[in-house]
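The file run34.cif comes next; it holds mmCIF, C-alpha atoms.
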data_start
loop_
_atom_site.label_atom_id
_atom_site.label_comp_id
_atom_site.auth_asym_id
_atom_site.auth_seq_id
_atom_site.Cartn_x
_atom_site.Cartn_y
_atom_site.Cartn_z
CA MET F 1 159.50 387.02 -126.27
CA LYS F 2 156.78 387.12 -128.95
CA TYR F 3 154.06 386.98 -126.26
CA GLU F 4 155.66 389.90 -124.39
CA LYS F 5 155.67 391.95 -127.61
CA GLN F 6 151.98 391.16 -128.21
CA VAL F 7 151.13 392.21 -124.66
CA LYS F 8 153.07 395.45 -125.05
CA ASP F 9 151.50 396.10 -128.46
CA LYS F 10 147.95 395.65 -127.11
CA ARG F 11 148.63 397.82 -124.08
CA THR F 12 150.20 400.49 -126.29
CA ALA F 13 147.28 400.33 -128.72
CA ILE F 14 144.82 400.80 -125.84
CA MET F 15 146.78 403.75 -124.45
CA GLU F 16 147.05 405.42 -127.86
CA ALA F 17 143.33 404.93 -128.56
CA ALA F 18 142.44 406.31 -125.11
CA LEU F 19 144.66 409.36 -125.63
CA LYS F 20 143.04 410.11 -128.98
CA LEU F 21 139.47 409.64 -127.76
CA PHE F 22 139.91 411.41 -124.42
CA THR F 23 141.30 414.51 -126.12
CA GLU F 24 138.52 414.45 -128.72
CA ARG F 25 135.56 413.55 -126.51
CA GLY F 26 136.61 413.93 -122.87
CA PHE F 27 136.37 411.32 -120.13
CA HIS F 28 132.60 411.23 -119.90
CA GLY F 29 132.16 411.15 -123.66
CA THR F 30 134.48 408.19 -124.11
CA SER F 31 133.42 404.67 -123.19
CA THR F 32 135.74 401.72 -122.68
CA ALA F 33 133.91 400.01 -125.57
CA GLN F 34 134.89 402.93 -127.85
CA ILE F 35 138.50 402.71 -126.69
CA SER F 36 138.56 398.95 -127.29
CA LYS F 37 137.11 399.37 -130.78
CA GLU F 38 139.59 402.14 -131.65
CA ALA F 39 142.48 400.01 -130.31
CA GLY F 40 141.30 396.92 -132.19
CA VAL F 41 140.98 394.78 -129.07
CA ALA F 42 138.11 393.17 -127.21
CA THR F 43 136.67 395.12 -124.26
CA GLY F 44 137.65 392.22 -122.01
CA THR F 45 141.25 392.64 -123.18
CA LEU F 46 141.17 396.29 -122.16
CA PHE F 47 140.02 395.27 -118.68
CA ASN F 48 142.86 392.73 -118.44
CA TYR F 49 145.30 395.65 -118.63
CA PHE F 50 143.22 398.30 -116.90
CA PRO F 51 140.59 397.01 -114.43
CA THR F 52 138.70 400.34 -114.52
CA LYS F 53 138.49 403.38 -116.73
CA GLU F 54 140.07 405.36 -113.87
CA ASP F 55 143.07 402.98 -113.90
CA LEU F 56 143.48 403.60 -117.62
CA ILE F 57 143.24 407.38 -117.18
CA ASN F 58 145.80 407.40 -114.36
CA SER F 59 148.20 405.13 -116.24
CA LEU F 60 147.96 407.31 -119.32
CA TYR F 61 148.44 410.48 -117.28
CA PHE F 62 151.51 409.02 -115.57
CA GLU F 63 153.07 407.95 -118.88
CA VAL F 64 152.41 411.23 -120.65
CA LYS F 65 153.69 413.33 -117.75
CA GLY F 66 156.79 411.11 -117.63
CA ARG F 67 157.50 411.75 -121.30
CA LEU F 68 157.02 415.48 -120.74
CA SER F 69 159.41 415.42 -117.78
CA ARG F 70 162.11 413.61 -119.74
CA SER F 71 161.70 416.00 -122.64
CA MET F 72 161.88 419.06 -120.39
CA GLY F 73 165.10 417.86 -118.79
CA THR F 74 166.90 417.15 -122.06
CA GLY F 75 170.21 418.99 -122.15
CA ILE F 76 169.85 421.03 -118.96
CA GLY F 77 172.97 419.36 -117.56
CA ILE F 78 175.16 420.94 -120.23
CA GLU F 79 174.11 424.44 -119.19
CA SER F 80 176.20 425.95 -116.40
CA ILE F 81 174.23 429.16 -115.84
CA PHE F 82 170.91 429.13 -113.96
CA GLN F 83 169.18 431.37 -116.51
CA GLU F 84 170.26 429.16 -119.40
CA ARG F 85 169.09 425.97 -117.66
CA LEU F 86 165.72 427.59 -117.03
CA ARG F 87 165.58 428.83 -120.64
CA ARG F 88 166.30 425.32 -121.91
CA LEU F 89 163.54 423.86 -119.70
CA TRP F 90 161.16 426.51 -121.03
CA SER F 91 162.05 425.85 -124.66
CA ASN F 92 161.95 422.06 -124.21
CA SER F 93 158.54 422.28 -122.57
CA ILE F 94 157.05 424.38 -125.35
CA ASN F 95 158.59 422.35 -128.15
CA TRP F 96 157.23 419.16 -126.56
CA GLY F 97 153.74 420.67 -126.52
CA VAL F 98 153.97 421.76 -130.15
CA ASP F 99 155.36 418.39 -131.27
CA ASN F 100 152.96 416.28 -129.17
CA GLN F 101 149.64 418.05 -129.52
CA GLU F 102 147.40 415.18 -128.33
CA GLU F 103 149.52 414.67 -125.23
CA PHE F 104 149.64 418.44 -124.64
CA LEU F 105 145.85 418.62 -124.82
CA PHE F 106 145.48 415.58 -122.57
CA VAL F 107 147.71 417.02 -119.84
CA GLY F 108 146.01 420.40 -119.98
CA GLN F 109 142.52 419.03 -120.08
CA PHE F 110 142.93 416.44 -117.38
CA CYS F 111 145.63 417.63 -114.97
CA SER F 112 142.96 419.01 -112.67
CA SER F 113 140.46 416.25 -113.31
CA PRO F 114 138.87 414.37 -110.43
CA TYR F 115 139.82 411.15 -112.25
CA ILE F 116 143.50 411.74 -111.52
CA THR F 117 144.16 410.27 -108.08
CA LYS F 118 146.24 411.91 -105.36
CA TYR F 119 148.59 408.93 -105.54
CA THR F 120 149.17 409.49 -109.27
CA ARG F 121 149.77 413.22 -108.74
CA LYS F 122 152.28 412.44 -105.98
CA GLU F 123 154.08 409.82 -108.07
CA VAL F 124 154.17 412.09 -111.12
CA MET F 125 155.77 414.88 -109.09
CA LYS F 126 158.72 412.57 -108.39
CA GLU F 127 159.48 412.88 -112.11
CA TYR F 128 159.86 416.64 -111.63
CA ILE F 129 162.25 416.71 -108.67
CA PHE F 130 164.90 418.20 -110.96
CA LEU F 131 162.63 421.19 -111.50
CA HIS F 132 162.15 421.71 -107.76
CA ASN F 133 165.91 421.45 -107.31
CA LEU F 134 166.55 424.03 -110.01
CA VAL F 135 164.04 426.48 -108.51
CA ASN F 136 165.54 426.00 -105.03
CA GLU F 137 169.03 426.54 -106.45
CA GLY F 138 167.94 429.84 -108.00
CA ILE F 139 166.49 430.97 -104.66
CA LYS F 140 169.57 429.88 -102.73
CA THR F 141 171.97 431.71 -105.05
CA GLY F 142 169.76 434.80 -105.12
CA GLU F 143 169.13 434.55 -108.85
CA SER F 144 165.42 433.99 -108.27
CA LYS F 145 162.96 435.62 -105.91
CA ASP F 146 162.04 433.58 -102.86
CA PHE F 147 158.68 432.31 -104.12
CA SER F 148 157.56 428.82 -103.17
CA PRO F 149 158.79 426.25 -105.70
CA GLU F 150 155.19 425.12 -106.21
CA LEU F 151 154.09 428.63 -107.22
CA THR F 152 157.11 429.12 -109.47
CA ILE F 153 156.55 425.78 -111.21
CA ALA F 154 152.82 426.45 -111.60
CA MET F 155 153.49 429.85 -113.20
CA PHE F 156 156.19 428.34 -115.42
CA TYR F 157 153.82 425.56 -116.49
CA GLN F 158 150.84 427.83 -117.18
CA GLY F 159 153.02 430.32 -119.04
CA SER F 160 154.46 427.61 -121.27
CA ARG F 161 150.94 426.31 -121.96
CA ALA F 162 149.90 429.80 -123.07
CA VAL F 163 152.83 430.00 -125.50
CA VAL F 164 152.13 426.53 -126.93
CA SER F 165 148.49 427.50 -127.44
CA LEU F 166 149.52 430.67 -129.30
CA ILE F 167 151.91 428.72 -131.52
CA LEU F 168 149.24 426.13 -132.32
CA ASP F 169 146.55 428.76 -132.98
CA SER F 170 146.22 428.89 -136.75
CA ASN F 171 144.77 432.40 -136.54
CA VAL F 172 147.95 433.79 -134.98
CA ALA F 173 150.92 434.29 -137.29
CA LEU F 174 153.87 434.68 -134.92
CA ASP F 175 157.42 433.43 -135.20
CA LYS F 176 157.73 430.36 -132.95
CA ASP F 177 161.30 430.94 -131.75
CA ARG F 178 160.68 434.62 -131.09
CA LEU F 179 157.50 433.79 -129.18
CA ILE F 180 159.34 431.21 -127.07
CA GLU F 181 162.04 433.74 -126.20
CA LYS F 182 159.62 436.59 -125.45
CA GLY F 183 157.59 434.26 -123.23
CA PHE F 184 160.76 433.27 -121.40
CA GLN F 185 161.62 436.92 -120.82
CA ILE F 186 158.24 437.46 -119.16
CA ILE F 187 158.83 434.48 -116.85
CA TRP F 188 162.44 435.45 -116.18
CA ASN F 189 161.59 439.06 -115.36
CA GLY F 190 158.92 437.89 -112.95
CA LEU F 191 161.27 435.48 -111.17
CA THR F 192 164.47 437.41 -110.90
CA ASN F 193 165.77 440.06 -108.58
CA LYS F 194 167.31 442.01 -111.47
#
Just give me the structure of the file as structure tokens.
Amino acid sequence: MKYEKQVKDKRTAIMEAALKLFTERGFHGTSTAQISKEAGVATGTLFNYFPTKEDLINSLYFEVKGRLSRSMGTGIGIESIFQERLRRLWSNSINWGVDNQEEFLFVGQFCSSPYITKYTRKEVMKEYIFLHNLVNEGIKTGESKDFSPELTIAMFYQGSRAVVSLILDSNVALDKDRLIEKGFQIIWNGLTNK
């Protein structure tokens, strides 16, 4: 049991160090030696967990996107109206970005990176099947325009990123909750047939 905790602690330390350094310096500006030093482990230890830097990047991406997915889906089951489920997803997504700035930056900076493999992208999308289902439900019931789910999700994602960025911008003094709601209204008006 103690050995398992040590293994988990080292792996977690490596992942946390990588997240910090990747968001500060980018992939190319961050070496595995720097990650090892930041994590407080030997470089050989890092390679025991992640055989290549690409493996580390993909593992980190998968974990962060999984946490985002779980956060986005929190409480949507208690909402009975399509608009309110979508609003909750929107709010959850933005609040996650505000509360998890390093992870938010990592996802935004590296979601289109060549380091992220097609396999990882495909596996990550399995975490978001609930979002595809919600979009398809809105189309089926006529509450949403018949756009492809991929386009709708991409617009939703990019819109939420814009709102998070505005909230985090220290030069912009806007009310967070009001900004979240106004942003949702823009998305909702673009999606609906009303």
Nearby residues, (146.2, 411.0, -119.4) file frame, 7 Å, only C-alpha atoms, as JSON, numbers by chain: {"F": [19, 57, 58, 59, 60, 61, 62, 64, 106, 107, 110]}
Expected selection from the PyMOL selection byres ((chain F and resi 149) around 8), given as a ChimeraX atom specification: /F:132,135-136,147-148,150-153
Among listed residues F:Arg178, F:Ala173, F:Met125, F:Ala18, nearest Leu46 in chain F (using all atoms listed in the file): F:Ala18
Could you tell me which residues the PyMOL selection byres ((chain F and resi 36) around 10) grabs in this file, written as a PDB file with C-alpha atoms, in the frame of the given file?
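Here's the written file expr.pdb:
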ATOM      1  CA  LYS F  10     147.950 395.650-127.110  1.00  0.00           C
ATOM      2  CA  ALA F  13     147.280 400.330-128.720  1.00  0.00           C
ATOM      3  CA  ILE F  14     144.820 400.800-125.840  1.00  0.00           C
ATOM      4  CA  MET F  15     146.780 403.750-124.450  1.00  0.00           C
ATOM      5  CA  ALA F  17     143.330 404.930-128.560  1.00  0.00           C
ATOM      6  CA  ALA F  18     142.440 406.310-125.110  1.00  0.00           C
ATOM      7  CA  SER F  31     133.420 404.670-123.190  1.00  0.00           C
ATOM      8  CA  THR F  32     135.740 401.720-122.680  1.00  0.00           C
ATOM      9  CA  ALA F  33     133.910 400.010-125.570  1.00  0.00           C
ATOM     10  CA  GLN F  34     134.890 402.930-127.850  1.00  0.00           C
ATOM     11  CA  ILE F  35     138.500 402.710-126.690  1.00  0.00           C
ATOM     12  CA  LYS F  37     137.110 399.370-130.780  1.00  0.00           C
ATOM     13  CA  GLU F  38     139.590 402.140-131.650  1.00  0.00           C
ATOM     14  CA  ALA F  39     142.480 400.010-130.310  1.00  0.00           C
ATOM     15  CA  GLY F  40     141.300 396.920-132.190  1.00  0.00           C
ATOM     16  CA  VAL F  41     140.980 394.780-129.070  1.00  0.00           C
ATOM     17  CA  ALA F  42     138.110 393.170-127.210  1.00  0.00           C
ATOM     18  CA  THR F  43     136.670 395.120-124.260  1.00  0.00           C
ATOM     19  CA  GLY F  44     137.650 392.220-122.010  1.00  0.00           C
ATOM     20  CA  THR F  45     141.250 392.640-123.180  1.00  0.00           C
ATOM     21  CA  LEU F  46     141.170 396.290-122.160  1.00  0.00           C
ATOM     22  CA  PHE F  47     140.020 395.270-118.680  1.00  0.00           C
TER      23      PHE F  47
END
Nearby residues (all atoms listed in the file) at most 12 Å from Phe130 in chain F, same-chain spacing under 2 positions excluded, as an MDAnalysis selection string: chainID F and resid 69:70 72:74 76:77 85:86 89 125:128 132:137 149 153
Contact residues around Lys145 in chain F with only C-alpha atoms at 9 Å, ignoring same-chain residues under 5 positions, as a ChimeraX atom specification: /F:138-139,190-193
Å distance separating CA of Tyr115 in chain F from CA of Ser91 in chain F, one decimal place: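 Spanning CA of Tyr115 in chain F to CA of Ser91 in chain F is a straight-line distance of 29.4 Å.
The two atoms in question, CA of Leu168 in chain F and CA of Asp99 in chain F, are spaced 9.9 Å apart.
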Gap from CA of Ile81 in chain F to CA of Arg67 in chain F - Å, one decimal: 24.8 Å
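Nearest residue to Phe184 in chain F, choosing from F:Asn48, F:Lys140, F:Gly29, F:Glu84 and counting all atoms listed in the file: F:Glu84.
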Nearby residues, (141.8, 413.6, -120.7) file frame, 6 Å, all atoms listed in the file, as a list of chain:residue names: F:Phe22, F:Thr23, F:Gly26, F:Phe27, F:Phe106, F:Gln109, F:Phe110
Distance query Ile94 in chain F at most 10 Å, all atoms listed in the file, self and fewer than 6 positions along chain excluded, as an MDAnalysis selection string: chainID F and resid 71:72 88 100 104 157 159:165 167 176 180
Of the listed residues F:Val124, F:Leu21, F:Ile129, F:Met155, that which approaches Trp90 in chain F most closely, counting all atoms listed in the file: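 So, comparing all the options, the nearest one is F:Met155.
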Block slice range 145-170 of chain F, N, CA, C and O atoms, emitted as a tab-separated table (two decimals), in the first residue's frame:
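Once written, out_38.tsv looks like this:
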chain	number	residue	atom	x	y	z
F	145	LYS	N	-30.88	24.78	-33.68
F	145	LYS	CA	-30.74	24.68	-35.13
F	145	LYS	C	-29.98	23.40	-35.48
F	145	LYS	O	-29.20	22.89	-34.69
F	146	ASP	N	-30.19	22.93	-36.67
F	146	ASP	CA	-29.60	21.66	-37.11
F	146	ASP	C	-28.17	21.87	-37.62
F	146	ASP	O	-27.87	21.64	-38.78
F	147	PHE	N	-27.30	22.33	-36.71
F	147	PHE	CA	-25.87	22.42	-37.03
F	147	PHE	C	-25.24	21.08	-36.64
F	147	PHE	O	-25.78	20.35	-35.82
F	148	SER	N	-24.09	20.78	-37.21
F	148	SER	CA	-23.42	19.55	-36.80
F	148	SER	C	-23.02	19.67	-35.33
F	148	SER	O	-22.65	20.76	-34.88
F	149	PRO	N	-23.11	18.57	-34.59
F	149	PRO	CA	-22.70	18.63	-33.18
F	149	PRO	C	-21.25	19.11	-33.02
F	149	PRO	O	-20.95	19.86	-32.09
F	150	GLU	N	-20.38	18.73	-33.94
F	150	GLU	CA	-18.98	19.14	-33.85
F	150	GLU	C	-18.84	20.67	-33.94
F	150	GLU	O	-18.08	21.28	-33.20
F	151	LEU	N	-19.59	21.29	-34.86
F	151	LEU	CA	-19.55	22.74	-35.00
F	151	LEU	C	-20.13	23.41	-33.75
F	151	LEU	O	-19.55	24.35	-33.22
F	152	THR	N	-21.25	22.91	-33.28
F	152	THR	CA	-21.89	23.48	-32.10
F	152	THR	C	-20.96	23.40	-30.89
F	152	THR	O	-20.77	24.38	-30.17
F	153	ILE	N	-20.34	22.25	-30.69
F	153	ILE	CA	-19.44	22.07	-29.55
F	153	ILE	C	-18.21	22.97	-29.69
F	153	ILE	O	-17.75	23.57	-28.72
F	154	ALA	N	-17.68	23.08	-30.90
F	154	ALA	CA	-16.51	23.94	-31.13
F	154	ALA	C	-16.85	25.40	-30.82
F	154	ALA	O	-16.05	26.11	-30.18
F	155	MET	N	-18.01	25.86	-31.26
F	155	MET	CA	-18.40	27.25	-30.99
F	155	MET	C	-18.64	27.46	-29.49
F	155	MET	O	-18.26	28.49	-28.93
F	156	PHE	N	-19.26	26.50	-28.86
F	156	PHE	CA	-19.51	26.53	-27.42
F	156	PHE	C	-18.17	26.63	-26.68
F	156	PHE	O	-17.98	27.47	-25.81
F	157	TYR	N	-17.23	25.77	-27.07
F	157	TYR	CA	-15.92	25.72	-26.42
F	157	TYR	C	-15.17	27.04	-26.62
F	157	TYR	O	-14.66	27.63	-25.66
F	158	GLN	N	-15.10	27.52	-27.85
F	158	GLN	CA	-14.36	28.75	-28.12
F	158	GLN	C	-15.02	29.96	-27.45
F	158	GLN	O	-14.32	30.85	-26.95
F	159	GLY	N	-16.34	29.97	-27.42
F	159	GLY	CA	-17.04	31.05	-26.73
F	159	GLY	C	-16.75	31.06	-25.23
F	159	GLY	O	-16.51	32.11	-24.63
F	160	SER	N	-16.77	29.88	-24.64
F	160	SER	CA	-16.49	29.80	-23.19
F	160	SER	C	-15.05	30.21	-22.90
F	160	SER	O	-14.77	30.87	-21.90
F	161	ARG	N	-14.13	29.86	-23.79
F	161	ARG	CA	-12.73	30.26	-23.62
F	161	ARG	C	-12.60	31.79	-23.64
F	161	ARG	O	-11.84	32.38	-22.88
F	162	ALA	N	-13.35	32.43	-24.54
F	162	ALA	CA	-13.31	33.89	-24.64
F	162	ALA	C	-13.80	34.53	-23.34
F	162	ALA	O	-13.21	35.50	-22.85
F	163	VAL	N	-14.87	33.98	-22.77
F	163	VAL	CA	-15.40	34.53	-21.53
F	163	VAL	C	-14.42	34.32	-20.38
F	163	VAL	O	-14.18	35.23	-19.57
F	164	VAL	N	-13.83	33.14	-20.28
F	164	VAL	CA	-12.83	32.89	-19.23
F	164	VAL	C	-11.68	33.89	-19.37
F	164	VAL	O	-11.24	34.48	-18.38
F	165	SER	N	-11.22	34.09	-20.58
F	165	SER	CA	-10.11	35.02	-20.80
F	165	SER	C	-10.47	36.44	-20.36
F	165	SER	O	-9.65	37.14	-19.76
F	166	LEU	N	-11.70	36.87	-20.64
F	166	LEU	CA	-12.14	38.20	-20.20
F	166	LEU	C	-12.19	38.29	-18.68
F	166	LEU	O	-11.77	39.29	-18.10
F	167	ILE	N	-12.68	37.24	-18.04
F	167	ILE	CA	-12.77	37.24	-16.58
F	167	ILE	C	-11.37	37.30	-15.96
F	167	ILE	O	-11.14	38.00	-14.98
F	168	LEU	N	-10.44	36.57	-16.55
F	168	LEU	CA	-9.08	36.51	-16.00
F	168	LEU	C	-8.24	37.74	-16.35
F	168	LEU	O	-7.21	37.99	-15.73
F	169	ASP	N	-8.68	38.52	-17.33
F	169	ASP	CA	-7.94	39.71	-17.74
F	169	ASP	C	-8.04	40.79	-16.66
F	169	ASP	O	-9.11	41.34	-16.42
F	170	SER	N	-6.93	41.08	-16.04
F	170	SER	CA	-6.95	42.05	-14.93
F	170	SER	C	-7.24	43.47	-15.39
F	170	SER	O	-7.56	44.33	-14.57
